[in-house]
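> Sharing run.txt (compact mmCIF, N, CA and C atoms) below.
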# COMPACT_ATOMS: atom_id res chain seq x y z
N MET Z 1 201.20 92.43 149.88
CA MET Z 1 200.23 93.08 150.73
C MET Z 1 200.05 92.29 152.01
N SER Z 2 199.53 92.94 153.02
CA SER Z 2 199.31 92.29 154.31
C SER Z 2 197.97 91.60 154.34
N GLU Z 3 197.90 90.51 155.04
CA GLU Z 3 196.63 89.83 155.27
C GLU Z 3 196.01 90.44 156.51
N ILE Z 4 194.69 90.62 156.48
CA ILE Z 4 193.99 91.20 157.62
C ILE Z 4 192.83 90.29 157.97
N ASP Z 5 192.76 89.84 159.20
CA ASP Z 5 191.64 89.05 159.70
C ASP Z 5 190.65 90.01 160.33
N ILE Z 6 189.36 89.93 159.94
CA ILE Z 6 188.35 90.88 160.39
C ILE Z 6 187.38 90.19 161.33
N PHE Z 7 187.04 90.88 162.43
CA PHE Z 7 186.14 90.36 163.45
C PHE Z 7 185.08 91.40 163.78
N THR Z 8 183.90 90.95 164.17
CA THR Z 8 182.87 91.87 164.64
C THR Z 8 182.95 91.98 166.15
N PRO Z 9 182.72 93.18 166.71
CA PRO Z 9 182.74 93.33 168.17
C PRO Z 9 181.49 92.72 168.80
N ASP Z 10 181.63 92.24 170.03
CA ASP Z 10 180.51 91.73 170.79
C ASP Z 10 179.99 92.86 171.66
N ASN Z 11 178.99 93.57 171.16
CA ASN Z 11 178.44 94.72 171.89
C ASN Z 11 177.32 94.31 172.84
N ASP Z 12 176.89 93.05 172.79
CA ASP Z 12 175.79 92.60 173.64
C ASP Z 12 176.21 92.37 175.07
N ASN Z 13 177.44 91.96 175.28
CA ASN Z 13 177.92 91.63 176.61
C ASN Z 13 178.99 92.63 177.03
N GLY Z 14 178.56 93.75 177.57
CA GLY Z 14 179.52 94.75 178.04
C GLY Z 14 180.31 94.20 179.21
N MET Z 15 181.56 94.58 179.27
CA MET Z 15 182.40 94.17 180.38
C MET Z 15 183.05 95.42 180.92
N GLU Z 16 182.50 95.93 182.00
CA GLU Z 16 183.02 97.15 182.58
C GLU Z 16 184.24 96.84 183.42
N LEU Z 17 185.32 97.52 183.14
CA LEU Z 17 186.58 97.34 183.86
C LEU Z 17 186.80 98.53 184.78
N PRO Z 18 187.55 98.37 185.86
CA PRO Z 18 187.79 99.49 186.76
C PRO Z 18 188.61 100.58 186.07
N LEU Z 19 188.27 101.83 186.39
CA LEU Z 19 188.98 102.98 185.85
C LEU Z 19 189.37 103.87 187.02
N SER Z 20 190.63 104.16 187.13
CA SER Z 20 191.12 105.00 188.21
C SER Z 20 190.71 106.44 188.01
N ASN Z 21 190.42 107.14 189.10
CA ASN Z 21 190.13 108.57 189.03
C ASN Z 21 191.39 109.38 188.81
N GLU Z 22 192.53 108.79 189.08
CA GLU Z 22 193.81 109.47 188.94
C GLU Z 22 194.30 109.35 187.50
N HIS Z 23 194.89 110.41 186.99
CA HIS Z 23 195.53 110.36 185.69
C HIS Z 23 196.91 109.73 185.85
N VAL Z 24 197.39 109.08 184.81
CA VAL Z 24 198.71 108.48 184.84
C VAL Z 24 199.69 109.49 184.26
N ALA Z 25 200.63 109.93 185.08
CA ALA Z 25 201.60 110.92 184.65
C ALA Z 25 202.61 110.29 183.70
N ALA Z 26 202.89 110.99 182.61
CA ALA Z 26 203.89 110.51 181.67
C ALA Z 26 205.23 111.21 181.93
N GLY Z 27 205.26 112.09 182.91
CA GLY Z 27 206.49 112.77 183.28
C GLY Z 27 206.99 112.21 184.59
N PHE Z 28 207.04 113.06 185.61
CA PHE Z 28 207.50 112.63 186.93
C PHE Z 28 206.38 111.89 187.65
N PRO Z 29 206.70 110.85 188.40
CA PRO Z 29 205.66 110.10 189.11
C PRO Z 29 204.96 110.97 190.15
N SER Z 30 203.68 110.69 190.35
CA SER Z 30 202.93 111.37 191.39
C SER Z 30 202.32 110.31 192.30
N PRO Z 31 202.00 110.66 193.54
CA PRO Z 31 201.39 109.66 194.43
C PRO Z 31 200.07 109.16 193.83
N ALA Z 32 199.89 107.86 193.85
CA ALA Z 32 198.67 107.27 193.28
C ALA Z 32 197.81 106.71 194.39
N GLU Z 33 196.51 106.75 194.16
CA GLU Z 33 195.58 106.15 195.11
C GLU Z 33 195.36 104.70 194.72
N ASP Z 34 195.12 103.85 195.70
CA ASP Z 34 194.96 102.42 195.46
C ASP Z 34 193.52 102.02 195.19
N PHE Z 35 192.67 102.98 194.87
CA PHE Z 35 191.28 102.59 194.65
C PHE Z 35 190.75 103.21 193.36
N THR Z 36 189.69 102.60 192.87
CA THR Z 36 189.00 103.12 191.70
C THR Z 36 187.58 103.43 192.09
N GLN Z 37 186.98 104.39 191.41
CA GLN Z 37 185.63 104.76 191.78
C GLN Z 37 184.63 104.58 190.65
N ARG Z 38 185.08 104.41 189.45
CA ARG Z 38 184.15 104.24 188.35
C ARG Z 38 184.67 103.19 187.39
N GLY Z 39 183.86 102.81 186.44
CA GLY Z 39 184.26 101.78 185.50
C GLY Z 39 184.29 102.30 184.08
N ILE Z 40 184.87 101.51 183.20
CA ILE Z 40 184.95 101.85 181.79
C ILE Z 40 184.64 100.60 180.99
N ASP Z 41 183.82 100.72 179.96
CA ASP Z 41 183.55 99.64 179.03
C ASP Z 41 184.26 100.00 177.74
N LEU Z 42 185.24 99.19 177.35
CA LEU Z 42 186.05 99.52 176.18
C LEU Z 42 185.23 99.54 174.90
N ASN Z 43 184.17 98.76 174.81
CA ASN Z 43 183.31 98.86 173.63
C ASN Z 43 182.68 100.24 173.53
N ARG Z 44 182.18 100.77 174.64
CA ARG Z 44 181.60 102.12 174.61
C ARG Z 44 182.67 103.18 174.37
N GLU Z 45 183.85 102.96 174.88
CA GLU Z 45 184.94 103.92 174.74
C GLU Z 45 185.50 103.97 173.32
N LEU Z 46 185.66 102.82 172.70
CA LEU Z 46 186.34 102.73 171.41
C LEU Z 46 185.42 102.70 170.19
N ILE Z 47 184.13 102.45 170.40
CA ILE Z 47 183.23 102.25 169.27
C ILE Z 47 182.13 103.31 169.28
N ALA Z 48 182.20 104.21 168.29
CA ALA Z 48 181.18 105.26 168.16
C ALA Z 48 179.97 104.76 167.38
N ASN Z 49 180.19 103.89 166.41
CA ASN Z 49 179.13 103.39 165.54
C ASN Z 49 179.14 101.86 165.55
N PRO Z 50 178.47 101.23 166.53
CA PRO Z 50 178.55 99.78 166.69
C PRO Z 50 178.17 98.98 165.45
N ALA Z 51 177.17 99.41 164.70
CA ALA Z 51 176.71 98.63 163.55
C ALA Z 51 177.73 98.61 162.41
N SER Z 52 178.64 99.57 162.41
CA SER Z 52 179.59 99.66 161.29
C SER Z 52 181.04 99.53 161.73
N THR Z 53 181.25 99.04 162.95
CA THR Z 53 182.61 98.93 163.48
C THR Z 53 183.04 97.47 163.54
N PHE Z 54 184.30 97.25 163.17
CA PHE Z 54 184.89 95.92 163.15
C PHE Z 54 186.27 95.98 163.76
N TYR Z 55 186.76 94.85 164.22
CA TYR Z 55 188.14 94.70 164.65
C TYR Z 55 188.88 93.92 163.58
N ALA Z 56 190.16 94.19 163.43
CA ALA Z 56 190.99 93.41 162.51
C ALA Z 56 192.38 93.28 163.12
N ARG Z 57 192.99 92.13 162.91
CA ARG Z 57 194.34 91.91 163.39
C ARG Z 57 195.30 92.11 162.23
N VAL Z 58 196.36 92.89 162.46
CA VAL Z 58 197.35 93.19 161.44
C VAL Z 58 198.26 91.99 161.24
N SER Z 59 198.55 91.71 159.98
CA SER Z 59 199.50 90.67 159.63
C SER Z 59 200.46 91.27 158.61
N GLY Z 60 201.68 91.46 159.01
CA GLY Z 60 202.66 92.05 158.10
C GLY Z 60 203.39 93.22 158.72
N LEU Z 61 204.36 93.74 157.99
CA LEU Z 61 205.25 94.77 158.52
C LEU Z 61 205.24 96.07 157.73
N SER Z 62 204.26 96.27 156.87
CA SER Z 62 204.29 97.45 155.99
C SER Z 62 204.03 98.77 156.72
N MET Z 63 203.59 98.73 157.98
CA MET Z 63 203.26 99.98 158.70
C MET Z 63 204.08 100.15 159.98
N VAL Z 64 205.21 99.45 160.09
CA VAL Z 64 205.98 99.46 161.34
C VAL Z 64 206.56 100.83 161.68
N ASP Z 65 206.86 101.66 160.70
CA ASP Z 65 207.42 102.97 161.00
C ASP Z 65 206.38 103.93 161.59
N GLU Z 66 205.12 103.53 161.57
CA GLU Z 66 204.06 104.28 162.26
C GLU Z 66 203.73 103.62 163.59
N GLY Z 67 204.50 102.59 163.96
CA GLY Z 67 204.27 101.91 165.23
C GLY Z 67 203.19 100.86 165.16
N ILE Z 68 202.77 100.47 163.96
CA ILE Z 68 201.76 99.43 163.80
C ILE Z 68 202.47 98.15 163.40
N ASN Z 69 202.38 97.16 164.28
CA ASN Z 69 203.16 95.93 164.11
C ASN Z 69 202.28 94.73 163.83
N ASP Z 70 202.91 93.67 163.37
CA ASP Z 70 202.26 92.39 163.16
C ASP Z 70 201.57 91.97 164.46
N GLY Z 71 200.30 91.64 164.39
CA GLY Z 71 199.56 91.20 165.58
C GLY Z 71 198.77 92.30 166.27
N ASP Z 72 199.02 93.56 165.94
CA ASP Z 72 198.24 94.65 166.56
C ASP Z 72 196.78 94.53 166.14
N LEU Z 73 195.91 95.06 166.97
CA LEU Z 73 194.47 95.01 166.72
C LEU Z 73 194.00 96.39 166.27
N LEU Z 74 193.24 96.43 165.18
CA LEU Z 74 192.70 97.68 164.67
C LEU Z 74 191.23 97.78 164.99
N VAL Z 75 190.76 98.99 165.30
CA VAL Z 75 189.33 99.28 165.39
C VAL Z 75 189.00 100.07 164.12
N ILE Z 76 188.08 99.54 163.32
CA ILE Z 76 187.80 100.09 162.00
C ILE Z 76 186.33 100.50 161.93
N ASP Z 77 186.08 101.73 161.52
CA ASP Z 77 184.71 102.23 161.37
C ASP Z 77 184.41 102.41 159.89
N LYS Z 78 183.46 101.61 159.38
CA LYS Z 78 183.10 101.66 157.96
C LYS Z 78 182.19 102.85 157.64
N SER Z 79 181.62 103.49 158.65
CA SER Z 79 180.70 104.60 158.39
C SER Z 79 181.41 105.94 158.20
N LEU Z 80 182.69 106.01 158.53
CA LEU Z 80 183.41 107.27 158.41
C LEU Z 80 183.79 107.55 156.96
N VAL Z 81 183.70 108.81 156.57
CA VAL Z 81 184.12 109.22 155.24
C VAL Z 81 185.65 109.34 155.25
N PRO Z 82 186.32 108.60 154.36
CA PRO Z 82 187.79 108.67 154.36
C PRO Z 82 188.26 110.05 153.92
N ARG Z 83 189.25 110.55 154.61
CA ARG Z 83 189.83 111.84 154.23
C ARG Z 83 191.28 111.63 153.84
N ASN Z 84 191.80 112.58 153.14
CA ASN Z 84 193.18 112.49 152.68
C ASN Z 84 194.11 112.33 153.89
N GLY Z 85 194.97 111.33 153.83
CA GLY Z 85 195.92 111.09 154.91
C GLY Z 85 195.44 110.14 155.99
N CYS Z 86 194.19 109.68 155.89
CA CYS Z 86 193.68 108.79 156.93
C CYS Z 86 194.34 107.41 156.84
N LEU Z 87 194.33 106.72 157.94
CA LEU Z 87 194.80 105.34 158.00
C LEU Z 87 193.59 104.48 157.66
N ALA Z 88 193.70 103.68 156.60
CA ALA Z 88 192.53 102.97 156.10
C ALA Z 88 192.83 101.52 155.80
N VAL Z 89 191.80 100.70 155.96
CA VAL Z 89 191.83 99.34 155.48
C VAL Z 89 191.21 99.39 154.09
N CYS Z 90 192.01 99.04 153.10
CA CYS Z 90 191.59 99.15 151.70
C CYS Z 90 191.49 97.76 151.08
N TYR Z 91 190.54 97.66 150.16
CA TYR Z 91 190.38 96.43 149.37
C TYR Z 91 190.82 96.77 147.96
N ILE Z 92 191.86 96.09 147.48
CA ILE Z 92 192.37 96.35 146.13
C ILE Z 92 192.66 95.03 145.43
N ASP Z 93 192.00 94.87 144.30
CA ASP Z 93 192.22 93.70 143.44
C ASP Z 93 192.19 92.38 144.20
N GLY Z 94 191.19 92.23 145.07
CA GLY Z 94 190.97 90.96 145.75
C GLY Z 94 191.68 90.78 147.08
N GLU Z 95 192.40 91.80 147.55
CA GLU Z 95 193.12 91.68 148.82
C GLU Z 95 192.88 92.91 149.70
N PHE Z 96 192.92 92.67 151.02
CA PHE Z 96 192.85 93.76 151.98
C PHE Z 96 194.27 94.21 152.33
N THR Z 97 194.43 95.51 152.55
CA THR Z 97 195.71 96.03 153.00
C THR Z 97 195.48 97.25 153.89
N LEU Z 98 196.38 97.48 154.80
CA LEU Z 98 196.36 98.63 155.69
C LEU Z 98 197.39 99.63 155.20
N LYS Z 99 196.95 100.85 154.88
CA LYS Z 99 197.87 101.88 154.38
C LYS Z 99 197.32 103.27 154.71
N ARG Z 100 198.17 104.27 154.56
CA ARG Z 100 197.76 105.67 154.59
C ARG Z 100 197.18 106.00 153.22
N PHE Z 101 196.01 106.61 153.16
CA PHE Z 101 195.34 106.92 151.91
C PHE Z 101 195.65 108.35 151.49
N GLU Z 102 196.03 108.50 150.23
CA GLU Z 102 196.33 109.83 149.69
C GLU Z 102 195.62 109.97 148.34
N LYS Z 103 194.72 110.94 148.25
CA LYS Z 103 193.93 111.16 147.04
C LYS Z 103 194.59 112.20 146.16
N HIS Z 104 194.68 111.88 144.87
CA HIS Z 104 195.19 112.80 143.85
C HIS Z 104 194.12 112.96 142.78
N LYS Z 105 194.34 113.88 141.85
CA LYS Z 105 193.33 114.18 140.84
C LYS Z 105 192.94 112.96 140.01
N ASP Z 106 193.92 112.23 139.49
CA ASP Z 106 193.62 111.12 138.60
C ASP Z 106 193.96 109.74 139.17
N HIS Z 107 194.38 109.68 140.42
CA HIS Z 107 194.72 108.41 141.05
C HIS Z 107 194.75 108.58 142.57
N ALA Z 108 194.93 107.49 143.24
CA ALA Z 108 195.14 107.52 144.69
C ALA Z 108 196.42 106.75 144.97
N LEU Z 109 197.01 107.03 146.12
CA LEU Z 109 198.18 106.28 146.57
C LEU Z 109 197.86 105.65 147.91
N LEU Z 110 198.30 104.42 148.06
CA LEU Z 110 198.25 103.73 149.35
C LEU Z 110 199.68 103.67 149.84
N LEU Z 111 199.93 104.40 150.93
CA LEU Z 111 201.30 104.61 151.38
C LEU Z 111 201.66 103.72 152.56
N PRO Z 112 202.70 102.91 152.40
CA PRO Z 112 203.19 102.11 153.51
C PRO Z 112 204.04 102.98 154.44
N ALA Z 113 204.35 102.45 155.60
CA ALA Z 113 205.24 103.13 156.55
C ALA Z 113 206.42 102.20 156.85
N ASN Z 114 207.08 101.79 155.78
CA ASN Z 114 208.24 100.92 155.87
C ASN Z 114 208.96 101.04 154.52
N LYS Z 115 210.23 101.42 154.55
CA LYS Z 115 210.98 101.64 153.31
C LYS Z 115 211.10 100.38 152.45
N GLU Z 116 210.86 99.22 153.03
CA GLU Z 116 210.95 97.97 152.28
C GLU Z 116 209.74 97.77 151.35
N PHE Z 117 208.71 98.58 151.51
CA PHE Z 117 207.48 98.45 150.72
C PHE Z 117 207.30 99.68 149.85
N LYS Z 118 206.76 99.49 148.66
CA LYS Z 118 206.51 100.59 147.74
C LYS Z 118 205.06 101.05 147.86
N PRO Z 119 204.81 102.35 147.60
CA PRO Z 119 203.41 102.81 147.54
C PRO Z 119 202.66 102.07 146.44
N ILE Z 120 201.36 101.93 146.64
CA ILE Z 120 200.50 101.28 145.65
C ILE Z 120 199.70 102.38 144.96
N ARG Z 121 199.86 102.48 143.65
CA ARG Z 121 199.12 103.46 142.85
C ARG Z 121 197.78 102.84 142.46
N VAL Z 122 196.71 103.55 142.76
CA VAL Z 122 195.36 103.07 142.47
C VAL Z 122 194.77 103.93 141.35
N THR Z 123 194.31 103.27 140.30
CA THR Z 123 193.68 103.98 139.18
C THR Z 123 192.30 103.37 138.93
N GLU Z 124 191.62 103.86 137.91
CA GLU Z 124 190.29 103.35 137.57
C GLU Z 124 190.33 101.88 137.17
N GLU Z 125 191.48 101.39 136.75
CA GLU Z 125 191.59 100.00 136.33
C GLU Z 125 191.56 99.02 137.51
N ASN Z 126 191.84 99.49 138.70
CA ASN Z 126 191.85 98.62 139.88
C ASN Z 126 190.45 98.41 140.43
N ASP Z 127 190.22 97.22 140.98
CA ASP Z 127 189.02 96.95 141.78
C ASP Z 127 189.37 97.44 143.18
N PHE Z 128 188.85 98.61 143.57
CA PHE Z 128 189.32 99.28 144.78
C PHE Z 128 188.17 99.90 145.56
N CYS Z 129 188.28 99.79 146.88
CA CYS Z 129 187.42 100.58 147.77
C CYS Z 129 188.13 100.74 149.11
N ILE Z 130 187.80 101.82 149.77
CA ILE Z 130 188.25 101.97 151.16
C ILE Z 130 187.21 101.27 152.00
N TRP Z 131 187.61 100.17 152.59
CA TRP Z 131 186.68 99.33 153.34
C TRP Z 131 186.30 99.97 154.67
N GLY Z 132 187.24 100.69 155.30
CA GLY Z 132 186.95 101.35 156.56
C GLY Z 132 188.12 102.19 157.01
N VAL Z 133 187.83 103.12 157.90
CA VAL Z 133 188.83 104.03 158.45
C VAL Z 133 189.23 103.53 159.84
N VAL Z 134 190.52 103.47 160.09
CA VAL Z 134 191.03 103.01 161.38
C VAL Z 134 190.87 104.15 162.40
N THR Z 135 190.22 103.83 163.53
CA THR Z 135 190.03 104.83 164.58
C THR Z 135 190.95 104.60 165.78
N TYR Z 136 191.35 103.35 166.00
CA TYR Z 136 192.26 103.02 167.10
C TYR Z 136 193.16 101.86 166.69
N VAL Z 137 194.35 101.86 167.26
CA VAL Z 137 195.26 100.72 167.15
C VAL Z 137 195.53 100.25 168.58
N ILE Z 138 195.26 98.98 168.84
CA ILE Z 138 195.45 98.40 170.17
C ILE Z 138 196.64 97.46 170.08
N LYS Z 139 197.59 97.65 170.97
CA LYS Z 139 198.80 96.83 170.90
C LYS Z 139 199.18 96.31 172.27
N LYS Z 140 199.84 95.18 172.25
CA LYS Z 140 200.38 94.59 173.47
C LYS Z 140 201.76 95.18 173.68
N VAL Z 141 202.03 95.61 174.89
CA VAL Z 141 203.35 96.19 175.17
C VAL Z 141 204.16 95.27 176.07
Show how you would write the structure in this file as structure tokens.

Amino acid sequence: MSEIDIFTPDNDNGMELPLSNEHVAAGFPSPAEDFTQRGIDLNRELIANPASTFYARVSGLSMVDEGINDGDLLVIDKSLVPRNGCLAVCYIDGEFTLKRFEKHKDHALLLPANKEFKPIRVTEENDFCIWGVVTYVIKKV
């Protein structure tokens, strides 16, 4: 399983960064203006529920086929109700892991996104909880 380091966000000290009024084209380039008119605070943008939101850094390669790599930063909301197929930070038998959650009638599956890793079958015998639902993945490019 992957190790996950968990951090609390600092919501007391907002840091507003410049935000361009122009959209960034993902197709053909368009003329861009060299000025910004408003700001953005990433805590306000990324965190809907400050009291129940945490950051965690990914350690491991079990989710690389979903584009989640070692060192990426997760935004995790513990107040969200997990739904089938959600990306979740799960606590199982004393360890945290990041997987896709799949609920079945008599068990759950924690699905990796790397063929080198096997799904984890969760039954009543496991010490298990979904610790939080991932809302954003922040990565360095």
> Could you tell me how far CA of Lys105 in chain Z lies from CA of Asp93 in chain Z, in Å and to one decimal?
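We find that CA of Lys105 in chain Z and CA of Asp93 in chain Z lie 20.7 Å from each other.
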> Would you mind reading off the distance between atom N of Lys78 in chain Z and atom N of Val137 in chain Z, one decimal, in Å?
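Here the two named atoms are 13.4 Å from each other.
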> I'd like the contact shell of range 128-132 of chain Z - 6.5 Å cut-off, only N, CA and C atoms, skipping same-chain residues fewer than 2 positions apart - returned as a VMD selection string.
chain Z and resid 76 to 79 87 to 93 126 134
> Mind checking DSSP for range 52-139 of chain Z and telling me the strand (DSSP E) residues as a PyMOL selection string?
chain Z and resi 53-59+73-77+87-92+95-103+108-111+120-122+128-138
> Taking 5 positions as the minimum chain separation for residues in the same chain, which residues sit within 6.5 Å of Asn84 in chain Z when counting all atoms listed in the file? Answer as a PyMOL selection string.
chain Z and resi 101-103
> So, counting all atoms listed in the file, which residue among Z:Leu42, Z:Phe7, Z:Ala108, Z:Leu98 is closest to Phe54 in chain Z?
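Of all the options, Z:Phe7 lies closest to Phe54 in chain Z.
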> Find the spatial neighbours of Asp106 in chain Z, counting only C-alpha atoms, within a cut-off of 10 Å - ignore same-chain residues fewer than 4 positions away - and output them as a ChimeraX atom specification.
/Z:122-124
> What does the distance from CA of Leu61 in chain Z to CA of Arg121 in chain Z come to in Å, to one decimal?
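Computing the Euclidean distance for CA of Leu61 in chain Z and CA of Arg121 in chain Z yields 18.9 Å.
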> Set the distance at 10 Å and use only C-alpha atoms: which residues neighbour Thr8 in chain Z once local chain neighbours fewer than 5 positions away are removed? I'd like the list as a PyMOL selection string.
chain Z and resi 50-56+75-76
